[in-house]
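Engineer: Handing over data-v8.csv, CSV, C-alpha atoms.
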```
chain,number,residue,atom,x,y,z
A,56,PRO,CA,6.7,-44.0,35.8
A,57,ASP,CA,4.4,-41.7,37.7
A,58,ALA,CA,4.5,-42.3,41.5
A,59,ILE,CA,2.5,-40.8,44.3
A,60,LYS,CA,3.4,-40.9,47.9
A,61,TYR,CA,0.2,-40.7,49.9
A,62,PRO,CA,0.4,-38.2,52.8
A,63,GLU,CA,0.0,-39.6,56.3
A,64,ASP,CA,-2.5,-36.9,57.1
A,65,PRO,CA,-5.5,-37.2,54.8
A,66,GLN,CA,-6.3,-33.5,55.4
A,67,LYS,CA,-3.2,-32.6,53.4
A,68,PRO,CA,-3.9,-34.1,49.9
A,69,ASP,CA,-1.4,-31.8,48.1
A,70,CYS,CA,0.3,-34.7,46.4
A,71,LEU,CA,-3.0,-35.7,44.6
A,72,GLY,CA,-4.0,-32.1,43.6
A,73,SER,CA,-2.3,-32.2,40.2
A,74,VAL,CA,-3.7,-35.7,39.5
A,75,PHE,CA,-7.2,-34.5,40.2
A,76,GLU,CA,-6.6,-31.4,38.1
A,77,THR,CA,-5.9,-33.7,35.2
A,78,VAL,CA,-9.0,-35.6,36.0
A,79,GLN,CA,-11.1,-32.4,35.9
A,80,ASP,CA,-9.4,-31.2,32.7
A,81,THR,CA,-10.0,-34.6,31.0
A,82,GLU,CA,-13.6,-34.8,32.1
A,83,SER,CA,-14.5,-31.2,31.1
A,84,SER,CA,-13.0,-31.6,27.6
A,85,ALA,CA,-14.3,-35.1,27.0
A,86,ILE,CA,-16.9,-35.4,24.3
A,87,VAL,CA,-19.3,-38.1,25.2
A,88,MET,CA,-21.2,-39.9,22.5
A,89,LYS,CA,-24.4,-41.4,23.8
A,90,THR,CA,-25.9,-44.6,22.5
A,91,GLY,CA,-29.6,-45.5,22.2
A,92,TRP,CA,-29.4,-47.7,25.2
A,93,LYS,CA,-30.0,-45.9,28.5
A,94,GLY,CA,-28.5,-48.7,30.6
A,95,LEU,CA,-25.3,-48.8,28.5
A,96,ASN,CA,-25.0,-45.0,28.8
A,97,ARG,CA,-25.3,-45.2,32.6
A,98,MET,CA,-22.7,-48.0,32.7
A,99,LEU,CA,-20.4,-45.8,30.6
A,100,GLN,CA,-21.0,-42.7,32.7
A,101,GLY,CA,-22.9,-41.0,29.9
A,102,GLY,CA,-21.7,-42.9,26.8
A,103,PHE,CA,-18.5,-43.5,24.8
A,104,ARG,CA,-15.8,-40.8,25.0
A,105,LYS,CA,-13.9,-39.9,21.9
A,106,GLY,CA,-10.4,-41.2,21.9
A,107,GLU,CA,-11.2,-44.3,24.0
A,108,THR,CA,-10.9,-47.8,22.7
A,109,TRP,CA,-13.6,-50.4,23.4
A,110,THR,CA,-13.9,-54.1,22.5
A,111,ILE,CA,-17.1,-56.1,22.2
A,112,GLY,CA,-16.0,-59.6,23.1
A,113,ALA,CA,-18.2,-62.7,22.6
A,114,LEU,CA,-18.1,-66.2,21.1
A,115,PRO,CA,-18.8,-66.6,17.4
A,116,HIS,CA,-22.4,-66.0,16.3
A,117,ASN,CA,-23.4,-64.0,19.4
A,118,TYR,CA,-24.5,-60.8,17.8
A,119,LYS,CA,-21.2,-58.8,17.9
A,120,THR,CA,-21.7,-57.5,14.4
A,121,GLY,CA,-25.3,-56.7,15.1
A,122,MET,CA,-24.5,-54.9,18.3
A,123,SER,CA,-21.6,-52.9,16.6
A,124,LEU,CA,-23.8,-52.0,13.6
A,125,THR,CA,-26.6,-50.9,16.0
A,126,LEU,CA,-24.0,-48.8,18.0
A,127,PHE,CA,-22.7,-47.3,14.8
A,128,LYS,CA,-26.2,-46.3,13.8
A,129,GLN,CA,-27.0,-44.9,17.3
A,130,LEU,CA,-23.8,-42.9,17.5
A,131,ALA,CA,-24.6,-41.3,14.2
A,132,ILE,CA,-28.2,-40.5,14.9
A,133,TYR,CA,-28.2,-39.6,18.6
A,134,ASN,CA,-25.1,-37.3,18.7
A,135,THR,CA,-24.6,-33.9,17.2
A,136,PRO,CA,-20.9,-33.5,16.1
A,137,VAL,CA,-18.7,-31.2,18.2
A,138,LEU,CA,-15.6,-30.3,16.2
A,139,LYS,CA,-12.2,-29.4,17.6
A,140,ASN,CA,-11.5,-27.7,14.3
A,141,PRO,CA,-14.6,-26.0,12.8
A,142,ASP,CA,-13.0,-26.1,9.4
A,143,LYS,CA,-13.2,-29.9,9.3
A,144,LYS,CA,-16.2,-32.2,8.6
A,145,PRO,CA,-17.2,-34.8,11.2
A,146,MET,CA,-16.7,-38.4,10.1
A,147,MET,CA,-17.5,-41.9,11.4
A,148,ILE,CA,-15.7,-44.8,9.9
A,149,ARG,CA,-16.7,-48.5,10.1
A,150,ILE,CA,-14.4,-51.2,8.6
A,151,SER,CA,-15.6,-54.8,8.4
A,152,PHE,CA,-13.0,-57.5,7.9
A,153,GLU,CA,-15.7,-60.1,7.9
A,154,ASP,CA,-19.1,-59.2,6.6
A,155,ASN,CA,-20.1,-57.9,3.2
A,156,LEU,CA,-21.5,-54.4,2.7
A,157,PRO,CA,-24.9,-55.5,1.3
A,158,GLY,CA,-25.6,-57.5,4.5
A,159,ASN,CA,-24.5,-54.6,6.7
A,160,PHE,CA,-26.6,-52.1,4.8
A,161,GLN,CA,-29.6,-54.4,4.8
A,162,PHE,CA,-29.3,-54.6,8.6
A,163,LEU,CA,-29.0,-50.8,9.0
A,164,TYR,CA,-32.0,-50.1,6.7
A,165,GLN,CA,-34.2,-52.7,8.5
A,166,ASN,CA,-33.0,-51.5,12.0
A,167,LEU,CA,-33.7,-47.8,11.1
A,168,TYR,CA,-37.1,-48.7,9.6
A,169,GLU,CA,-38.2,-50.9,12.4
A,170,ASN,CA,-37.3,-48.3,15.0
A,171,GLU,CA,-39.3,-45.6,13.2
A,172,HIS,CA,-42.3,-47.7,12.0
A,173,LYS,CA,-42.4,-50.4,14.7
A,174,LYS,CA,-42.7,-53.1,12.0
A,175,ARG,CA,-40.3,-55.0,9.8
A,176,PRO,CA,-40.0,-53.5,6.2
A,177,ARG,CA,-41.0,-55.5,3.2
A,178,LEU,CA,-37.9,-55.2,1.1
A,179,LYS,CA,-39.7,-56.2,-2.1
A,180,ASP,CA,-42.1,-53.2,-1.7
A,181,ILE,CA,-39.4,-50.6,-2.0
A,182,THR,CA,-36.7,-49.8,-4.6
A,183,PRO,CA,-33.0,-50.1,-3.9
A,184,LYS,CA,-32.7,-46.3,-4.5
A,185,GLN,CA,-35.4,-45.6,-1.9
A,186,MET,CA,-33.7,-47.8,0.6
A,187,ALA,CA,-30.4,-46.0,0.0
A,188,VAL,CA,-31.9,-42.5,0.3
A,189,TYR,CA,-33.8,-43.4,3.5
A,190,THR,CA,-30.7,-45.0,5.1
A,191,ILE,CA,-28.4,-42.1,4.1
A,192,GLU,CA,-30.9,-39.4,5.3
A,193,LYS,CA,-31.4,-41.1,8.6
A,194,LEU,CA,-27.7,-41.7,9.3
A,195,ARG,CA,-26.5,-38.3,8.1
A,196,ALA,CA,-29.3,-36.3,9.8
A,197,THR,CA,-27.1,-34.9,12.7
A,198,GLY,CA,-24.3,-34.0,10.3
A,199,TYR,CA,-21.9,-36.9,10.3
A,200,TYR,CA,-20.2,-38.1,7.2
A,201,LEU,CA,-20.0,-41.9,7.1
A,202,SER,CA,-17.5,-44.2,5.5
A,203,MET,CA,-18.2,-47.9,5.5
A,204,LEU,CA,-16.0,-50.5,3.8
A,205,ARG,CA,-15.3,-54.2,3.7
A,206,ILE,CA,-11.7,-55.2,3.6
A,207,ASN,CA,-10.1,-58.6,3.2
A,208,PRO,CA,-8.1,-59.0,6.4
A,209,SER,CA,-5.2,-60.6,4.5
A,210,ASP,CA,-4.8,-57.3,2.6
A,211,TRP,CA,-4.5,-54.8,5.4
A,212,THR,CA,-2.4,-54.4,8.5
A,213,TYR,CA,-2.8,-51.9,11.4
A,214,LYS,CA,-0.7,-49.5,9.3
A,215,ASP,CA,-3.3,-49.5,6.5
A,216,ILE,CA,-6.0,-48.7,9.1
A,217,GLN,CA,-4.0,-45.8,10.4
A,218,ASN,CA,-3.2,-44.6,6.9
A,219,PHE,CA,-6.9,-44.7,6.0
A,220,VAL,CA,-7.7,-42.5,8.9
A,221,ILE,CA,-4.8,-40.1,8.1
A,222,ASP,CA,-6.0,-39.9,4.5
A,223,ARG,CA,-9.5,-38.9,5.6
A,224,GLU,CA,-8.1,-36.3,7.9
A,225,ALA,CA,-6.0,-34.9,5.0
A,226,GLU,CA,-9.2,-34.7,3.0
A,227,GLY,CA,-10.7,-32.4,5.6
A,228,TYR,CA,-12.5,-34.7,8.0
A,229,GLU,CA,-12.3,-35.0,11.7
A,230,VAL,CA,-12.7,-38.7,12.6
A,231,HIS,CA,-14.9,-39.1,15.7
A,232,VAL,CA,-15.5,-42.9,15.5
A,233,LEU,CA,-13.4,-45.6,14.0
A,234,MET,CA,-15.2,-49.0,14.4
A,235,LEU,CA,-13.5,-52.2,13.3
A,236,ASP,CA,-15.5,-55.4,13.0
A,237,TYR,CA,-13.5,-58.6,12.8
```
If you took the structure in this file and wrote it as structure tokens, what would it be?

Structural biologist:
Amino acid sequence: PDAIKYPEDPQKPDCLGSVFETVQDTESSAIVMKTGWKGLNRMLQGGFRKGETWTIGALPHNYKTGMSLTLFKQLAIYNTPVLKNPDKKPMMIRISFEDNLPGNFQFLYQNLYENEHKKRPRLKDITPKQMAVYTIEKLRATGYYLSMLRINPSDWTYKDIQNFVIDREAEGYEVHVLMLDY
């Protein structure tokens, strides 16, 4: 394990120099993905950093799925993709092991519509195709390709999740967000 012996004289911080070089390198190369919530961005020192793992923990029926769907939407619409490899296409993946896709897409459509029009949409006044086009146009506006799926948790292990990401990368995508909802 890494070990640092602190110098007795604080004016001679040589032993920490390489540690803080790593801090600077990490911070300067970090790609921060901001959310639509200013307070959360401040708390996260700008937003989520690619490569980090985050968990939303709460008791059942306390809006974890709603919060994660809203974050997924916000990450897609408030961030312009920055690619490490310009030959790749930027992708965000959301896998639900619990909720069905019609419920997730209804939430996303209504959330997008309410944010833009400041009122709840009347789903009976619009065709399914119009809802689909609206949702896709809004979520893809900054350039992200999106993949959302619902998987039976009995059918997949962590290896299947990893293989799904590896397969998308082999297809030419650079995965910036992998969100799991369980």

Engineer: Leaving out Pro208 of chain A and any residue of its chain fewer than 5 positions from it, which residues lie within 9 Å of it when counting only C-alpha atoms, given as a PyMOL selection string?

Structural biologist: chain A and resi 151-153+237

Engineer: Kindly give the distance, in Å, that separates atom CA of Lys105 of chain A and atom CA of Ala196 of chain A, rounded to a single decimal.

Structural biologist: 19.9 Å

Engineer: Tell me, as a list in words, which residues lie within 8 Å of segment 124-127 of chain A, counting all atoms listed in the file; anything in the same chain fewer than 3 positions away does not count.

Structural biologist: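 So the residues in contact are Thr90, Gly91, Thr120, Gly121, Leu130, Ala131, Arg149, Asn159, Phe162, Leu163, Asn166 and Met234 of chain A.
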
Engineer: A:Met122, A:Leu138, A:Leu114, A:Leu95: which is nearest Glu229 of chain A, counting all atoms listed in the file?

Structural biologist: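 When distances to Glu229 of chain A are compared using all atoms listed in the file, the smallest one comes from A:Leu138.
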
Engineer: Between atom CA of Pro141 of chain A and atom CA of Tyr189 of chain A, measure the distance and give it in Å to one decimal.

Structural biologist: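 Calculated distance between atom CA of Pro141 of chain A and atom CA of Tyr189 of chain A is 27.5 Å.
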
Engineer: For Pro136 of chain A, which of A:Ala113, A:Val230, A:Ile148, A:Val78 is the closest residue, counting all atoms listed in the file?

Structural biologist: A:Val230

Engineer: Of the residues A:Ile111, A:Leu156, A:Ile221, A:Ile181, which is the one nearest to Ile206 of chain A, using all atoms listed in the file?

Structural biologist: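 Of the candidates, the smallest distance to Ile206 of chain A is held by A:Leu156.
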
Engineer: Point out the residue among A:Ala187, A:Ala225, A:Met88, A:Met98 with the least atom-to-atom distance to Lys143 of chain A, counting all atoms listed in the file.

Structural biologist: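 Looking only at the distances to Lys143 of chain A, the closest residue turns out to be A:Ala225.
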
Engineer: Separation of atom CA of Leu167 of chain A and atom CA of Thr182 of chain A, in Å?

Structural biologist: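 About the pair atom CA of Leu167 of chain A and atom CA of Thr182 of chain A: they are 16.1 Å apart.
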
Engineer: Need to verify the contact set: Val137 of chain A, 12 Å, only C-alpha atoms, exclusion of same-chain residues closer than 5 positions in sequence. Can you return it as a ChimeraX atom specification?

Structural biologist: /A:84-88,105,142-146,197-199,229-231

Engineer: Kindly list the centre and edge lengths in Å, rounded to one decimal, for the axis-aligned box that covers all listed atoms of segment 117-126 of chain A plus 8 Å on each of its six sides, as lines of an AutoDock Vina configuration file.

Structural biologist:
```
center_x = -23.9
center_y = -56.4
center_z = 16.5
size_x = 21.4
size_y = 31.2
size_z = 21.8
```

Engineer: Given only C-alpha atoms as the basis, pick out the residue of A:Asn134, A:Thr110, A:Gly72, A:Asn170 nearest to Arg195 of chain A.

Structural biologist: A:Asn134

Engineer: Under the rule that all atoms listed in the file are counted, which of A:Ile191, A:Lys174, A:Asn140, A:Thr135 is the nearest residue to Phe160 of chain A?

Structural biologist: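 Of A:Ile191, A:Lys174, A:Asn140, A:Thr135, the one nearest Phe160 of chain A, counting all atoms listed in the file, is A:Ile191.
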
Engineer: Regenerate segment 81-106 of chain A at the level of N, CA and C atoms and dump it as a PDB file, keeping the file's coordinate frame.

Structural biologist:
```
ATOM      1  N   THR A  81      -9.584 -33.486  31.880  1.00  0.00           N
ATOM      2  CA  THR A  81     -10.000 -34.600  31.000  1.00  0.00           C
ATOM      3  C   THR A  81     -11.483 -34.675  30.891  1.00  0.00           C
ATOM      4  N   GLU A  82     -12.139 -34.655  32.038  1.00  0.00           N
ATOM      5  CA  GLU A  82     -13.600 -34.800  32.100  1.00  0.00           C
ATOM      6  C   GLU A  82     -14.311 -33.631  31.444  1.00  0.00           C
ATOM      7  N   SER A  83     -13.808 -32.413  31.664  1.00  0.00           N
ATOM      8  CA  SER A  83     -14.500 -31.200  31.100  1.00  0.00           C
ATOM      9  C   SER A  83     -14.316 -31.134  29.617  1.00  0.00           C
ATOM     10  N   SER A  84     -13.218 -31.671  29.073  1.00  0.00           N
ATOM     11  CA  SER A  84     -13.000 -31.600  27.600  1.00  0.00           C
ATOM     12  C   SER A  84     -13.450 -32.849  26.907  1.00  0.00           C
ATOM     13  N   ALA A  85     -13.869 -33.865  27.644  1.00  0.00           N
ATOM     14  CA  ALA A  85     -14.300 -35.100  27.000  1.00  0.00           C
ATOM     15  C   ALA A  85     -15.605 -34.895  26.263  1.00  0.00           C
ATOM     16  N   ILE A  86     -15.630 -35.409  25.070  1.00  0.00           N
ATOM     17  CA  ILE A  86     -16.900 -35.400  24.300  1.00  0.00           C
ATOM     18  C   ILE A  86     -17.473 -36.750  24.385  1.00  0.00           C
ATOM     19  N   VAL A  87     -18.636 -36.805  25.001  1.00  0.00           N
ATOM     20  CA  VAL A  87     -19.300 -38.100  25.200  1.00  0.00           C
ATOM     21  C   VAL A  87     -20.304 -38.323  24.132  1.00  0.00           C
ATOM     22  N   MET A  88     -20.258 -39.511  23.570  1.00  0.00           N
ATOM     23  CA  MET A  88     -21.200 -39.900  22.500  1.00  0.00           C
ATOM     24  C   MET A  88     -22.144 -40.936  23.093  1.00  0.00           C
ATOM     25  N   LYS A  89     -23.400 -40.542  23.203  1.00  0.00           N
ATOM     26  CA  LYS A  89     -24.400 -41.400  23.800  1.00  0.00           C
ATOM     27  C   LYS A  89     -24.898 -42.439  22.809  1.00  0.00           C
ATOM     28  N   THR A  90     -25.346 -43.564  23.355  1.00  0.00           N
ATOM     29  CA  THR A  90     -25.900 -44.600  22.500  1.00  0.00           C
ATOM     30  C   THR A  90     -27.462 -44.520  22.691  1.00  0.00           C
ATOM     31  N   GLY A  91     -28.166 -45.401  22.070  1.00  0.00           N
ATOM     32  CA  GLY A  91     -29.600 -45.500  22.200  1.00  0.00           C
ATOM     33  C   GLY A  91     -30.067 -46.319  23.369  1.00  0.00           C
ATOM     34  N   TRP A  92     -29.123 -46.844  24.121  1.00  0.00           N
ATOM     35  CA  TRP A  92     -29.400 -47.700  25.200  1.00  0.00           C
ATOM     36  C   TRP A  92     -29.120 -47.010  26.547  1.00  0.00           C
ATOM     37  N   LYS A  93     -30.150 -46.645  27.301  1.00  0.00           N
ATOM     38  CA  LYS A  93     -30.000 -45.900  28.500  1.00  0.00           C
ATOM     39  C   LYS A  93     -29.094 -46.634  29.541  1.00  0.00           C
ATOM     40  N   GLY A  94     -29.293 -47.944  29.665  1.00  0.00           N
ATOM     41  CA  GLY A  94     -28.500 -48.700  30.600  1.00  0.00           C
ATOM     42  C   GLY A  94     -27.019 -48.725  30.250  1.00  0.00           C
ATOM     43  N   LEU A  95     -26.701 -48.831  28.971  1.00  0.00           N
ATOM     44  CA  LEU A  95     -25.300 -48.800  28.500  1.00  0.00           C
ATOM     45  C   LEU A  95     -24.718 -47.405  28.795  1.00  0.00           C
ATOM     46  N   ASN A  96     -25.499 -46.358  28.523  1.00  0.00           N
ATOM     47  CA  ASN A  96     -25.000 -45.000  28.800  1.00  0.00           C
ATOM     48  C   ASN A  96     -24.711 -44.817  30.278  1.00  0.00           C
ATOM     49  N   ARG A  97     -25.584 -45.331  31.149  1.00  0.00           N
ATOM     50  CA  ARG A  97     -25.300 -45.200  32.600  1.00  0.00           C
ATOM     51  C   ARG A  97     -24.046 -45.991  32.954  1.00  0.00           C
ATOM     52  N   MET A  98     -23.908 -47.185  32.399  1.00  0.00           N
ATOM     53  CA  MET A  98     -22.700 -48.000  32.700  1.00  0.00           C
ATOM     54  C   MET A  98     -21.443 -47.297  32.232  1.00  0.00           C
ATOM     55  N   LEU A  99     -21.520 -46.557  31.126  1.00  0.00           N
ATOM     56  CA  LEU A  99     -20.400 -45.800  30.600  1.00  0.00           C
ATOM     57  C   LEU A  99     -20.244 -44.416  31.094  1.00  0.00           C
ATOM     58  N   GLN A 100     -21.024 -44.077  32.115  1.00  0.00           N
ATOM     59  CA  GLN A 100     -21.000 -42.700  32.700  1.00  0.00           C
ATOM     60  C   GLN A 100     -21.364 -41.674  31.656  1.00  0.00           C
ATOM     61  N   GLY A 101     -22.389 -41.943  30.877  1.00  0.00           N
ATOM     62  CA  GLY A 101     -22.900 -41.000  29.900  1.00  0.00           C
ATOM     63  C   GLY A 101     -22.796 -41.496  28.464  1.00  0.00           C
ATOM     64  N   GLY A 102     -21.835 -42.324  28.150  1.00  0.00           N
ATOM     65  CA  GLY A 102     -21.700 -42.900  26.800  1.00  0.00           C
ATOM     66  C   GLY A 102     -20.184 -43.064  26.507  1.00  0.00           C
ATOM     67  N   PHE A 103     -19.877 -43.309  25.250  1.00  0.00           N
ATOM     68  CA  PHE A 103     -18.500 -43.500  24.800  1.00  0.00           C
ATOM     69  C   PHE A 103     -17.794 -42.134  24.748  1.00  0.00           C
ATOM     70  N   ARG A 104     -16.548 -42.079  25.129  1.00  0.00           N
ATOM     71  CA  ARG A 104     -15.800 -40.800  25.000  1.00  0.00           C
ATOM     72  C   ARG A 104     -14.844 -40.960  23.810  1.00  0.00           C
ATOM     73  N   LYS A 105     -14.815 -39.880  23.037  1.00  0.00           N
ATOM     74  CA  LYS A 105     -13.900 -39.900  21.900  1.00  0.00           C
ATOM     75  C   LYS A 105     -12.494 -40.103  22.333  1.00  0.00           C
ATOM     76  N   GLY A 106     -11.799 -40.942  21.592  1.00  0.00           N
ATOM     77  CA  GLY A 106     -10.400 -41.200  21.900  1.00  0.00           C
ATOM     78  C   GLY A 106     -10.230 -42.498  22.705  1.00  0.00           C
TER      79      GLY A 106
END
```
